[in-house]
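Right, one structure below, let's go through it.
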Amino acid sequence: MSVTTIHLLTHLLVNGERKTLTVDPSTPLLWVLREDLKLTGTKYGCGIGACGACTVHLDGVGTRSCLVPVSLVGDRKIVTIEGMAHDPIGRVVQNAWVDNDVVQCGYCQSGQVMSVVALLKSNRKPTDKNIEESMGGNLCRCGTYVRIREAIRSAAEKLA
Amino acid sequence: MLTLILIALAVAQDSKRPPASEQVMLASPRSGGLGAWQKVYSVMVSPRCLNCHTATTYPQQGDDRHRHVANVIRGPQGKGVVALNCATCHQSTNANSTGVPGAHNWHLAPLSMRWQDVNDRPLSSADVCRSVLRLLDGPHLLKHHEEEPLVLWAFNPGRRPDGTMRTLPPLTHEGFVEATRQWVKAGTPCP
C-alpha cells in the first residue's frame with residue numbers, strides 16, 4: 001500500500017522575514033526550520049519535548065518546535081536562536097553566556113538561551129526559584145547548570 | 001394509656017404522609033438524578049478529566065495518571081511558568097503527527113476544582129458532587145459541560161505519540177451532557 005503525502009504551500013514569518021515553502025503540514029516546525037530553511041541553530045534533542053534543545057519563540061512564547069506541526073503555527077512570529085542577535089535581551093543573554101563561559105559541548109545551549117530570553121522578557125528580576133522552575137525543561141547533559149544560573153543572574157543584573 | 005397515645009401519634013404522622021403512589025413520584029426524580037450524577041461522575045474521574053483536575057502541583061498524563069514529563073509544574077495560574085508553560089507544547093488543537101494533545105487555553109483546573117485527594121485517589125462521588133455545587137449552579141455546570149473547549153477535548157483527545165488513539169471517557173459527549181441535564185433537572189441531588 002502506498003502512502004500519499006500531501007504538501008501544501010505554507011507561509012511563515014521567521015526572524016522578521018516572510019518565507020513561503022511547500023511542506024507536508026504535519027511536519028514538526030523544527031524540521032522545517034532546519035531542513036527547509038537551513039536554520040540549524042535550533043537543535044533536535046529528544047523529539048518528545050522533554051529536553052528543550054529545540055526551543056524557539058512563537059509570538060514570544062518559548063515553544064518546543066519538535067512537537068508543533070508546521071500547520072499549527074499560523075501567522076505567529078517565529079524567532080529562532082539566529083534571531084537573538086537582533087534582540088536586545090537576546091544580545092545581553094548571549095554576552096552573559098560568553099562572559100560566564102557557560103558552554104561545554106554546546107548542543108543544548110541554543111534552547112537554553114531561548115528559554116532564558118523568554119524568562120527575562122517576562123521577569124527582569126527572576127529569583128533562584130523562578131530560574132529553577134522556568135529552566136526545568138531544558139536539559140544539559142554536560143551539567144553546566146551552575147554556569148547557566150550564573151549567566152542568567154548576570155544578564156538580569158545588566159537588564160535591571 | 002401510653003400505648004394509646006403512641007398509636008394516636010402514629011396515626012397523626014401517617015395522616016401527614018402523602019399516599020404511597022405520590023411517595024414514589026416524589027422519590028423518582030431524586031433517585032433518577034442520583035443515577036444521572038453517577039454517570040456524570042464516571043466521566044469526571046476518568047483520566048482525560050482527572051489528569052488536569054489534580055490536587056498536585058503538576059499535571060498528570062496517561063491512563064495511569066503518571067506525573068507529567070519535563071518537570072512541568074502548575075504555576076500561579078495553572079498554566080505552568082514562563083518558558084515552561086502549557087503553550088510551550090500544547091497548541092490550540094491536537095497535534096496528531098507528534099502526539100501532543102491540544103485545545104484552546106490549555107491549562108490545569110484550579111485547586112478548588114480538584115477531583116482527587118492528596119494521595120492521588122479520585123474523590124468520592126459525594127465529595128465531587130458537593131465540590132461542584134460550591135463552584136457552579138446546575139445551569140452553569142451544564143453550560144460548562146456543553147461548551148468548554150477542554151471538556152470537548154476530553155471526548156476528542158487525539159492520538160498518542162505512538163499513533164494509537166487516547167482512551168475516551170466512559171460516555172459520549174452527548175451522553176455526558178444529557179446525564180448532566182437530567183441531574184440538573186432533578187435538582188442536582190448529591191449522594
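Here, A, B, ... name the chains of the C-alpha cells in the order displayed, residue numbers run from 1 inside each chain, and ligands are numbered from 1 in the same displayed order.
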*Once you count only C-alpha atoms, which residues of chain B turn out to be within 12 Å of chain A? Could you give them as a VMD selection string?*
chain B and resid 57 to 58 68 to 76 80 to 103 160 to 162
*Identify, with DSSP run on backbone atoms, the residues in chain A assigned to helix (DSSP H, G or I), and express the list as number ranges by chain.*
A: 29-36, 70-72, 81-86, 88-99, 109-122, 128-134, 145-159
*Which residues come within 10 Å of B:His145, counting only C-alpha atoms, excluding same-chain residues fewer than 3 positions away, as a ChimeraX atom specification?*
/B:40,139-142,148-152,173-174,176-178,180-181
*How many Å separate atom CA of A:Arg34 from atom CA of A:Ala151?*
27.2 Å
*How many Å separate atom CA of B:Gly158 from atom CA of B:Asn105?*
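Those two atoms sit 16.6 Å apart.
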*B:Arg130: which residues within 12 Å, counting only C-alpha atoms, same-chain residues fewer than 2 positions away excluded, as JSON, numbers by chain?*
{"B": [37, 41, 112, 113, 114, 115, 123, 124, 125, 126, 127, 128, 132, 133, 134, 135, 136, 137, 138, 188, 189, 190, 191]}
*In Å to one decimal, how far is atom CA of B:Ser46 from atom CA of B:Gln61?*
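Rounded to one decimal, the two atoms are 11.7 Å apart.
Of the residues in stretch 2-39 of chain A, those given strand (DSSP E) by DSSP on the backbone are Leu8, Leu9, Thr10, His11, Leu12, Leu13, Val14, Glu17, Arg18, Lys19, Thr20, Leu21, Thr22 and Val23 of chain A.
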Any chance you could export the current selection's C-alpha atoms as a PDB file, in the first residue's frame?
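Dumped to selection31.pdb:
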ATOM      1  CA  LEU A   8       0.864  22.473   0.991  1.00  0.00           C
ATOM      2  CA  LEU A   9       2.027  25.977   0.334  1.00  0.00           C
ATOM      3  CA  THR A  10       2.934  27.404   3.727  1.00  0.00           C
ATOM      4  CA  HIS A  11       3.742  30.945   4.770  1.00  0.00           C
ATOM      5  CA  LEU A  12       5.906  31.570   7.806  1.00  0.00           C
ATOM      6  CA  LEU A  13       7.341  34.674   9.427  1.00  0.00           C
ATOM      7  CA  VAL A  14      10.782  33.692  10.677  1.00  0.00           C
ATOM      8  CA  GLU A  17      11.420  37.535   7.213  1.00  0.00           C
ATOM      9  CA  ARG A  18       8.490  36.104   5.281  1.00  0.00           C
ATOM     10  CA  LYS A  19       9.129  32.610   3.997  1.00  0.00           C
ATOM     11  CA  THR A  20       6.991  30.649   1.566  1.00  0.00           C
ATOM     12  CA  LEU A  21       7.587  26.961   1.121  1.00  0.00           C
ATOM     13  CA  THR A  22       5.797  23.778   0.193  1.00  0.00           C
ATOM     14  CA  VAL A  23       5.798  21.236   3.001  1.00  0.00           C
TER      15      VAL A  23
END
